[in-house]
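Source file: protein-v4.tsv; contents: TSV, C-alpha atoms and all ligand atoms.
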```tsv
chain	number	residue	atom	x	y	z
A	17	MET	CA	144.68	-48.25	210.84
A	18	SER	CA	146.00	-47.02	207.50
A	19	GLU	CA	144.37	-47.78	204.18
A	20	HIS	CA	147.33	-50.03	203.39
A	21	GLU	CA	146.92	-52.08	206.59
A	22	LYS	CA	143.20	-52.57	205.97
A	23	SER	CA	143.98	-53.94	202.53
A	24	SER	CA	147.06	-56.00	203.37
A	25	ASN	CA	145.52	-59.38	202.38
A	26	VAL	CA	144.20	-58.22	199.05
A	27	VAL	CA	146.04	-59.45	195.97
A	28	TRP	CA	145.49	-57.75	192.60
A	29	HIS	CA	144.35	-60.36	190.07
A	30	ASN	CA	146.16	-60.18	186.76
A	31	ALA	CA	143.70	-60.17	183.86
A	32	THR	CA	144.52	-61.99	180.64
A	33	VAL	CA	142.46	-59.40	178.80
A	34	THR	CA	144.87	-56.56	179.47
A	35	ARG	CA	144.46	-52.85	179.06
A	36	GLU	CA	146.72	-52.97	176.04
A	37	ARG	CA	144.55	-55.59	174.30
A	38	ARG	CA	141.40	-53.61	175.07
A	39	GLU	CA	143.01	-50.49	173.64
A	40	THR	CA	144.01	-52.32	170.49
A	41	GLN	CA	140.44	-53.54	170.10
A	42	ASN	CA	139.04	-50.05	170.77
A	43	GLY	CA	141.45	-48.39	168.37
A	44	HIS	CA	142.50	-45.78	170.93
A	45	ARG	CA	144.00	-45.48	174.39
A	46	GLY	CA	142.11	-44.89	177.61
A	47	GLY	CA	142.63	-41.68	179.56
A	48	LEU	CA	141.26	-39.52	182.33
A	49	PHE	CA	140.17	-36.00	181.34
A	50	TRP	CA	139.48	-34.08	184.50
A	51	PHE	CA	137.32	-30.97	184.01
A	52	THR	CA	137.59	-28.50	186.87
A	53	GLY	CA	136.03	-25.09	187.42
A	54	LEU	CA	133.38	-23.17	189.31
A	55	SER	CA	129.79	-24.37	189.55
A	56	GLY	CA	128.11	-23.24	186.34
A	57	ALA	CA	131.41	-22.89	184.48
A	58	GLY	CA	130.20	-25.49	181.98
A	59	LYS	CA	132.03	-28.67	183.02
A	60	SER	CA	129.01	-30.99	182.60
A	61	THR	CA	127.74	-29.32	179.46
A	62	LEU	CA	131.15	-29.43	177.82
A	63	ALA	CA	131.99	-32.97	178.98
A	64	HIS	CA	128.73	-34.32	177.54
A	65	SER	CA	129.08	-32.34	174.35
A	66	VAL	CA	132.65	-33.63	173.83
A	67	GLU	CA	131.50	-37.15	174.69
A	68	GLU	CA	128.80	-36.93	172.01
A	69	ALA	CA	131.39	-35.87	169.44
A	70	LEU	CA	133.76	-38.66	170.47
A	71	TYR	CA	130.98	-41.25	170.50
A	72	GLN	CA	130.01	-40.31	166.96
A	73	LYS	CA	133.57	-41.04	165.88
A	74	GLY	CA	133.55	-44.47	167.56
A	75	PHE	CA	135.50	-43.65	170.75
A	76	ARG	CA	134.62	-45.56	173.95
A	77	THR	CA	133.79	-42.95	176.57
A	78	PHE	CA	132.09	-42.36	179.90
A	79	VAL	CA	131.19	-39.18	181.81
A	80	LEU	CA	131.35	-39.12	185.59
A	81	ASP	CA	129.61	-36.14	186.97
A	82	GLY	CA	129.24	-34.57	190.43
A	83	ASP	CA	125.57	-35.20	190.89
A	84	ASN	CA	125.46	-38.84	189.78
A	85	VAL	CA	128.39	-39.79	192.01
A	86	ARG	CA	127.06	-37.94	195.03
A	87	HIS	CA	123.75	-39.80	194.77
A	88	GLY	CA	125.42	-43.18	195.20
A	89	LEU	CA	129.09	-43.90	195.76
A	90	CYS	CA	129.69	-40.69	197.70
A	91	ALA	CA	126.21	-40.16	199.19
A	92	ASP	CA	127.74	-40.33	202.68
A	93	LEU	CA	129.99	-37.30	202.07
A	94	SER	CA	129.31	-33.63	202.81
A	95	PHE	CA	130.94	-30.54	201.26
A	96	SER	CA	133.39	-30.00	204.13
A	97	ASP	CA	137.06	-29.75	203.09
A	98	GLU	CA	137.75	-33.24	204.46
A	99	ASP	CA	134.79	-34.85	202.67
A	100	ARG	CA	135.55	-33.05	199.39
A	101	LYS	CA	139.02	-34.55	199.59
A	102	GLU	CA	137.61	-38.06	200.12
A	103	ASN	CA	135.07	-37.50	197.32
A	104	ILE	CA	137.84	-36.67	194.86
A	105	ARG	CA	140.03	-39.55	196.08
A	106	ARG	CA	137.26	-42.09	195.43
A	107	ILE	CA	136.44	-40.63	192.03
A	108	GLY	CA	140.13	-40.67	191.09
A	109	HIS	CA	140.45	-44.37	191.85
A	110	MET	CA	137.13	-45.21	190.21
A	111	SER	CA	138.09	-43.29	187.08
A	112	MET	CA	141.34	-45.21	186.81
A	113	LEU	CA	139.43	-48.51	186.81
A	114	TYR	CA	137.58	-47.23	183.75
A	115	VAL	CA	140.88	-46.22	182.20
A	116	GLU	CA	142.21	-49.75	182.84
A	117	ALA	CA	139.15	-50.93	180.91
A	118	GLY	CA	140.38	-48.84	177.97
A	119	ILE	CA	137.77	-46.11	178.35
A	120	ILE	CA	138.14	-42.36	177.87
A	121	VAL	CA	136.74	-40.93	181.09
A	122	LEU	CA	135.55	-37.35	181.29
A	123	THR	CA	134.87	-36.10	184.81
A	124	ALA	CA	132.91	-33.00	185.76
A	125	PHE	CA	133.65	-32.06	189.37
A	126	ILE	CA	134.31	-28.62	190.78
A	127	SER	CA	137.32	-30.17	192.61
A	128	PRO	CA	138.26	-26.77	194.02
A	129	PHE	CA	141.45	-27.74	195.85
A	130	ARG	CA	144.74	-27.97	193.98
A	131	ALA	CA	146.11	-30.57	196.40
A	132	ASP	CA	143.17	-32.91	195.74
A	133	ARG	CA	143.57	-32.58	191.97
A	134	ASP	CA	147.29	-33.18	192.35
A	135	ASN	CA	146.50	-36.37	194.25
A	136	VAL	CA	144.46	-37.61	191.31
A	137	ARG	CA	147.36	-36.66	189.04
A	138	LYS	CA	149.53	-38.93	191.20
A	139	ILE	CA	146.99	-41.77	190.94
A	140	GLY	CA	146.57	-41.29	187.19
A	141	GLY	CA	150.15	-40.43	186.16
A	142	SER	CA	150.42	-39.70	182.46
A	143	ASP	CA	146.81	-40.87	181.91
A	144	PHE	CA	145.58	-37.80	183.84
A	145	HIS	CA	144.80	-34.57	182.00
A	146	GLU	CA	143.57	-31.51	183.84
A	147	ILE	CA	141.15	-29.39	181.81
A	148	TYR	CA	140.39	-26.05	183.35
A	149	CYS	CA	136.97	-24.63	182.41
A	150	ARG	CA	137.74	-20.98	182.97
A	151	CYS	CA	134.70	-18.78	183.55
A	152	SER	CA	134.35	-15.72	185.77
A	153	LEU	CA	132.34	-15.95	188.97
A	154	GLU	CA	130.12	-13.14	187.60
A	155	THR	CA	129.18	-15.19	184.53
A	156	CYS	CA	128.61	-18.35	186.59
A	157	GLU	CA	126.43	-16.39	188.95
A	158	ASP	CA	124.49	-14.82	186.08
A	159	ARG	CA	123.90	-18.27	184.59
A	160	ASP	CA	122.95	-19.72	188.00
A	161	VAL	CA	121.85	-22.93	186.24
A	162	LYS	CA	120.58	-24.62	189.38
A	163	GLY	CA	119.69	-21.53	191.42
A	164	LEU	CA	122.46	-22.43	193.86
A	165	TYR	CA	124.32	-19.09	193.79
A	166	LYS	CA	121.16	-17.26	194.83
A	167	ARG	CA	120.71	-19.65	197.73
A	168	ALA	CA	124.40	-19.45	198.65
A	169	ARG	CA	124.27	-15.61	198.68
A	170	ALA	CA	121.24	-15.88	200.97
A	171	GLY	CA	123.39	-17.96	203.33
A	172	GLU	CA	121.37	-21.13	202.75
A	173	ILE	CA	124.26	-23.27	201.47
A	174	PRO	CA	127.40	-23.59	203.60
A	175	ASP	CA	130.82	-24.09	201.95
A	176	PHE	CA	129.68	-23.00	198.50
A	177	THR	CA	132.64	-22.73	196.12
A	178	GLY	CA	133.31	-19.16	194.99
A	179	ILE	CA	131.09	-17.68	197.71
A	180	SER	CA	131.94	-19.19	201.09
A	181	SER	CA	134.59	-21.72	200.08
A	182	PRO	CA	137.63	-21.10	197.87
A	183	TYR	CA	138.32	-22.23	194.32
A	184	GLU	CA	142.03	-22.71	193.64
A	185	GLU	CA	142.75	-22.18	189.96
A	186	PRO	CA	145.03	-24.76	188.31
A	187	GLU	CA	148.62	-23.58	187.95
A	188	TYR	CA	149.62	-26.08	185.27
A	189	ALA	CA	146.43	-27.18	183.55
A	190	ASP	CA	147.04	-29.42	180.54
A	191	LEU	CA	144.34	-27.47	178.72
A	192	THR	CA	142.51	-24.27	179.60
A	193	ILE	CA	139.18	-23.61	177.92
A	194	ASP	CA	137.42	-20.28	177.96
A	195	THR	CA	133.88	-21.49	178.66
A	196	GLU	CA	132.47	-18.00	178.23
A	197	SER	CA	132.99	-18.46	174.50
A	198	ARG	CA	130.79	-20.53	172.18
A	199	LEU	CA	130.17	-24.12	173.23
A	200	GLU	CA	130.87	-25.40	169.68
A	201	ASN	CA	134.37	-23.89	169.75
A	202	CYS	CA	135.08	-25.27	173.23
A	203	THR	CA	133.84	-28.70	172.14
A	204	SER	CA	136.08	-28.93	169.11
A	205	GLU	CA	139.11	-27.69	171.04
A	206	VAL	CA	138.68	-30.40	173.70
A	207	PHE	CA	137.80	-33.03	171.08
A	208	GLU	CA	141.06	-32.34	169.23
A	209	TYR	CA	143.05	-32.49	172.45
A	210	ILE	CA	141.51	-35.81	173.53
A	211	SER	CA	141.77	-37.52	170.18
A	212	ALA	CA	145.44	-36.50	169.91
A	213	SER	CA	146.24	-37.70	173.45
A	214	THR	CA	144.55	-41.09	173.09
A	215	LYS	CA	146.14	-42.21	169.82
A	216	ASN	CA	147.34	-45.82	170.06
A	217	GLY	CA	151.11	-45.91	170.23
A	218	GLY	CA	151.10	-42.20	171.13
B	1	LIG	P1	128.97	-27.04	185.70
B	1	LIG	O1	128.90	-28.50	185.33
B	1	LIG	O2	130.34	-26.46	185.55
B	1	LIG	O3	128.37	-26.75	187.05
B	1	LIG	P2	126.87	-26.71	183.75
B	1	LIG	O4	127.41	-27.43	182.56
B	1	LIG	O5	125.87	-27.43	184.62
B	1	LIG	O6	128.10	-26.21	184.64
B	1	LIG	O7	126.22	-25.33	183.31
B	1	LIG	C1	126.86	-24.44	182.43
B	1	LIG	C2	125.83	-23.54	181.74
B	1	LIG	O8	126.52	-22.62	180.90
B	1	LIG	C3	124.87	-24.31	180.87
B	1	LIG	O9	123.58	-23.70	180.97
B	1	LIG	C4	125.44	-24.10	179.45
B	1	LIG	O10	124.47	-24.17	178.45
B	1	LIG	C5	126.04	-22.69	179.55
B	1	LIG	N1	127.17	-22.43	178.63
B	1	LIG	C6	127.30	-21.33	177.85
B	1	LIG	N2	128.44	-21.36	177.16
B	1	LIG	C7	129.08	-22.50	177.48
B	1	LIG	C8	130.33	-23.08	177.08
B	1	LIG	N3	131.13	-22.49	176.21
B	1	LIG	N4	130.67	-24.27	177.64
B	1	LIG	C9	129.85	-24.85	178.53
B	1	LIG	N5	128.67	-24.36	178.96
B	1	LIG	C10	128.28	-23.18	178.44
```
Have the structure of the file written as structure tokens, please.
Amino acid sequence: MSEHEKSSNVVWHNATVTRERRETQNGHRGGLFWFTGLSGAGKSTLAHSVEEALYQKGFRTFVLDGDNVRHGLCADLSFSDEDRKENIRRIGHMSMLYVEAGIIVLTAFISPFRADRDNVRKIGGSDFHEIYCRCSLETCEDRDVKGLYKRARAGEIPDFTGISSPYEEPEYADLTIDTESRLENCTSEVFEYISASTKNGG
């Protein structure tokens, strides 16, 4: 049974408090800012740092990050290609509910497959912005924030991106950030991009 068939009796309820009204109240538009890159590239660090800067300026934001989603909503999924695809599909739809609520969503998922990111682009349309956190595998491995590269090299973690599973670089990222440079510079670059793309009437 297809997803459509399973949902055939569901009718979307039209809210009177619309996205547009929420955005007027917030003073900015919602949007989905999708950080992608290798493990340790700096997606979480940068997303939270940008969120802090946005919050201080009064923007309504939320960060969705690999670990918090995999503990709950996606706890049933592994790191196989098929489950990674489902993981990203769920996150894409969930993120767009936040965007409907007028929120600026920043997501920090490796999301290694181009096709999966392109699916989210289809779900999100012009609200979707792909931000590539570009960092060499060598630097990520040197950082080894969670000790995962060491374990992956020892063969203890199957399907580890960059080691035993591929990472497909974005071809048309909306923004590419060199996360080997200073965090402060990366933060202000992304902050500028987000504030410009979420201007009301923009
Ligand atoms: P990811 O979420 O991509 O797995 P993390 O944010 O967990 O990566 O870890 C990135 C590490 O790199 C952190 O220890 C962070 O302090 C460090 N780092 C150094 N420079 C930067 C930068 N420019 N942007 C983001 N993180 C950086």
### Message
Counting only C-alpha atoms and all ligand atoms, which residue out of A:Pro186, A:Gly82, A:Gly118, A:Pro128 sits closest to ligand LIG 1 (chain B)?
### Response
A:Gly82
### Query
Suppose you want the space between atom CA of A:Phe125 and atom CA of A:Ala212; what is it in Å?
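Taking atom CA of A:Phe125 as the start and atom CA of A:Ala212 as the end point, the length is 23.2 Å.
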### Task
Step by step, measure atom-to-atom distances between ligand LIG 1 (chain B) and each residue using all atoms listed in the file, keep those at most 6 Å, then write them as a PyMOL selection string.
chain A and resi 54-62+161+195-199+202
Limited to C-alpha atoms, could you put the picked residues into a file as an mmCIF file, keeping the file's coordinate frame?
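Below you can see result_36.cif, which holds the result:
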```
data_model
loop_
_atom_site.group_PDB
_atom_site.id
_atom_site.type_symbol
_atom_site.label_atom_id
_atom_site.label_comp_id
_atom_site.auth_asym_id
_atom_site.auth_seq_id
_atom_site.Cartn_x
_atom_site.Cartn_y
_atom_site.Cartn_z
ATOM 1 C CA LEU A 54 133.380 -23.170 189.310
ATOM 2 C CA SER A 55 129.790 -24.370 189.550
ATOM 3 C CA GLY A 56 128.110 -23.240 186.340
ATOM 4 C CA ALA A 57 131.410 -22.890 184.480
ATOM 5 C CA GLY A 58 130.200 -25.490 181.980
ATOM 6 C CA LYS A 59 132.030 -28.670 183.020
ATOM 7 C CA SER A 60 129.010 -30.990 182.600
ATOM 8 C CA THR A 61 127.740 -29.320 179.460
ATOM 9 C CA LEU A 62 131.150 -29.430 177.820
ATOM 10 C CA VAL A 161 121.850 -22.930 186.240
ATOM 11 C CA THR A 195 133.880 -21.490 178.660
ATOM 12 C CA GLU A 196 132.470 -18.000 178.230
ATOM 13 C CA SER A 197 132.990 -18.460 174.500
ATOM 14 C CA ARG A 198 130.790 -20.530 172.180
ATOM 15 C CA LEU A 199 130.170 -24.120 173.230
ATOM 16 C CA CYS A 202 135.080 -25.270 173.230
#
```
### Task
Tell me which protein, DNA and RNA residues are within 12 Å of A:Ala189, counting all atoms listed in the file, leaving out same-chain ones fewer than 2 positions away, and put them as JSON, numbers by chain.
{"A": [49, 50, 51, 52, 53, 130, 133, 134, 137, 144, 145, 146, 147, 148, 149, 150, 184, 185, 186, 187, 191, 192, 193]}
Store the residues picked out above, limited to C-alpha atoms, as a tab-separated table (two decimals), in the frame of the given file.
```tsv
chain	number	residue	atom	x	y	z
A	49	PHE	CA	140.17	-36.00	181.34
A	50	TRP	CA	139.48	-34.08	184.50
A	51	PHE	CA	137.32	-30.97	184.01
A	52	THR	CA	137.59	-28.50	186.87
A	53	GLY	CA	136.03	-25.09	187.42
A	130	ARG	CA	144.74	-27.97	193.98
A	133	ARG	CA	143.57	-32.58	191.97
A	134	ASP	CA	147.29	-33.18	192.35
A	137	ARG	CA	147.36	-36.66	189.04
A	144	PHE	CA	145.58	-37.80	183.84
A	145	HIS	CA	144.80	-34.57	182.00
A	146	GLU	CA	143.57	-31.51	183.84
A	147	ILE	CA	141.15	-29.39	181.81
A	148	TYR	CA	140.39	-26.05	183.35
A	149	CYS	CA	136.97	-24.63	182.41
A	150	ARG	CA	137.74	-20.98	182.97
A	184	GLU	CA	142.03	-22.71	193.64
A	185	GLU	CA	142.75	-22.18	189.96
A	186	PRO	CA	145.03	-24.76	188.31
A	187	GLU	CA	148.62	-23.58	187.95
A	191	LEU	CA	144.34	-27.47	178.72
A	192	THR	CA	142.51	-24.27	179.60
A	193	ILE	CA	139.18	-23.61	177.92
```
Please report, as a tab-separated table, each residue of stretch 149-215 of chain A lying at most 12 Å from stretch 100-117 of chain A, together with the nearest pair of atoms and the separation in Å rounded to one decimal; use only C-alpha atoms, and order rows by chain and ascending residue number.
```
residue	atom	partner	partner_atom	distance
A:Asp175	CA	A:Arg100	CA	10.5
A:Phe176	CA	A:Arg100	CA	11.7
A:Thr177	CA	A:Arg100	CA	11.2
A:Ser181	CA	A:Arg100	CA	11.4
A:Thr214	CA	A:Val115	CA	11.1
```
### Query
In file coordinates, which residues lie within 12 Å of (138.4, -32.7, 168.7) using all atoms listed in the file, given as a ChimeraX atom specification?
/A:65-73,75,200-214
Put a box with edges along x, y and z around all the listed atoms of stretch 113-123 of chain A, pad it by 5 Å on each side, then give me its centre and sizes in Å, one decimal, as JSON.
```
{"center_x": 138.5, "center_y": -43.5, "center_z": 182.3, "size_x": 17.3, "size_y": 24.8, "size_z": 18.9}
```
Atoms are missing here; could stretch 168-191 of chain A be completed with N, CA and C atoms and written as a short mmCIF file (atom, residue, chain, number, x, y, z; two decimals), keeping the file's coordinate frame?
```
data_model
loop_
_atom_site.label_atom_id
_atom_site.label_comp_id
_atom_site.auth_asym_id
_atom_site.auth_seq_id
_atom_site.Cartn_x
_atom_site.Cartn_y
_atom_site.Cartn_z
N ALA A 168 123.14 -19.60 197.92
CA ALA A 168 124.40 -19.45 198.65
C ALA A 168 124.55 -18.01 199.14
N ARG A 169 124.20 -17.03 198.29
CA ARG A 169 124.27 -15.61 198.68
C ARG A 169 123.31 -15.32 199.83
N ALA A 170 122.22 -16.08 199.88
CA ALA A 170 121.24 -15.88 200.97
C ALA A 170 121.68 -16.63 202.24
N GLY A 171 122.84 -17.28 202.16
CA GLY A 171 123.39 -17.96 203.33
C GLY A 171 122.75 -19.32 203.58
N GLU A 172 122.07 -19.85 202.55
CA GLU A 172 121.37 -21.13 202.75
C GLU A 172 122.24 -22.34 202.47
N ILE A 173 123.39 -22.14 201.78
CA ILE A 173 124.26 -23.27 201.47
C ILE A 173 125.65 -23.00 202.06
N PRO A 174 126.05 -23.80 203.04
CA PRO A 174 127.40 -23.59 203.60
C PRO A 174 128.47 -24.12 202.65
N ASP A 175 129.67 -23.61 202.74
CA ASP A 175 130.82 -24.09 201.95
C ASP A 175 130.55 -24.10 200.45
N PHE A 176 129.95 -23.03 199.94
CA PHE A 176 129.68 -23.00 198.50
C PHE A 176 130.87 -22.39 197.76
N THR A 177 131.42 -23.16 196.83
CA THR A 177 132.64 -22.73 196.12
C THR A 177 132.43 -21.39 195.42
N GLY A 178 133.37 -20.48 195.64
CA GLY A 178 133.31 -19.16 194.99
C GLY A 178 132.64 -18.13 195.88
N ILE A 179 131.81 -18.61 196.83
CA ILE A 179 131.09 -17.68 197.71
C ILE A 179 131.61 -17.81 199.14
N SER A 180 131.52 -19.02 199.69
CA SER A 180 131.94 -19.19 201.09
C SER A 180 132.99 -20.28 201.23
N SER A 181 133.52 -20.71 200.10
CA SER A 181 134.59 -21.72 200.08
C SER A 181 135.44 -21.41 198.86
N PRO A 182 136.77 -21.56 198.98
CA PRO A 182 137.63 -21.10 197.87
C PRO A 182 137.64 -22.02 196.65
N TYR A 183 137.99 -21.42 195.50
CA TYR A 183 138.32 -22.23 194.32
C TYR A 183 139.77 -21.91 193.97
N GLU A 184 140.62 -22.92 193.97
CA GLU A 184 142.03 -22.71 193.64
C GLU A 184 142.26 -23.04 192.18
N GLU A 185 142.53 -22.00 191.40
CA GLU A 185 142.75 -22.18 189.96
C GLU A 185 143.95 -23.09 189.69
N PRO A 186 143.87 -23.92 188.65
CA PRO A 186 145.03 -24.76 188.31
C PRO A 186 146.22 -23.89 187.92
N GLU A 187 147.41 -24.31 188.34
CA GLU A 187 148.62 -23.58 187.95
C GLU A 187 149.18 -24.12 186.65
N TYR A 188 149.04 -25.44 186.47
CA TYR A 188 149.62 -26.08 185.27
C TYR A 188 148.58 -26.95 184.59
N ALA A 189 147.45 -26.38 184.23
CA ALA A 189 146.43 -27.18 183.55
C ALA A 189 147.00 -27.69 182.23
N ASP A 190 146.60 -28.90 181.83
CA ASP A 190 147.04 -29.42 180.54
C ASP A 190 146.33 -28.69 179.41
N LEU A 191 145.13 -28.21 179.72
CA LEU A 191 144.34 -27.47 178.72
C LEU A 191 143.44 -26.50 179.47
#
```
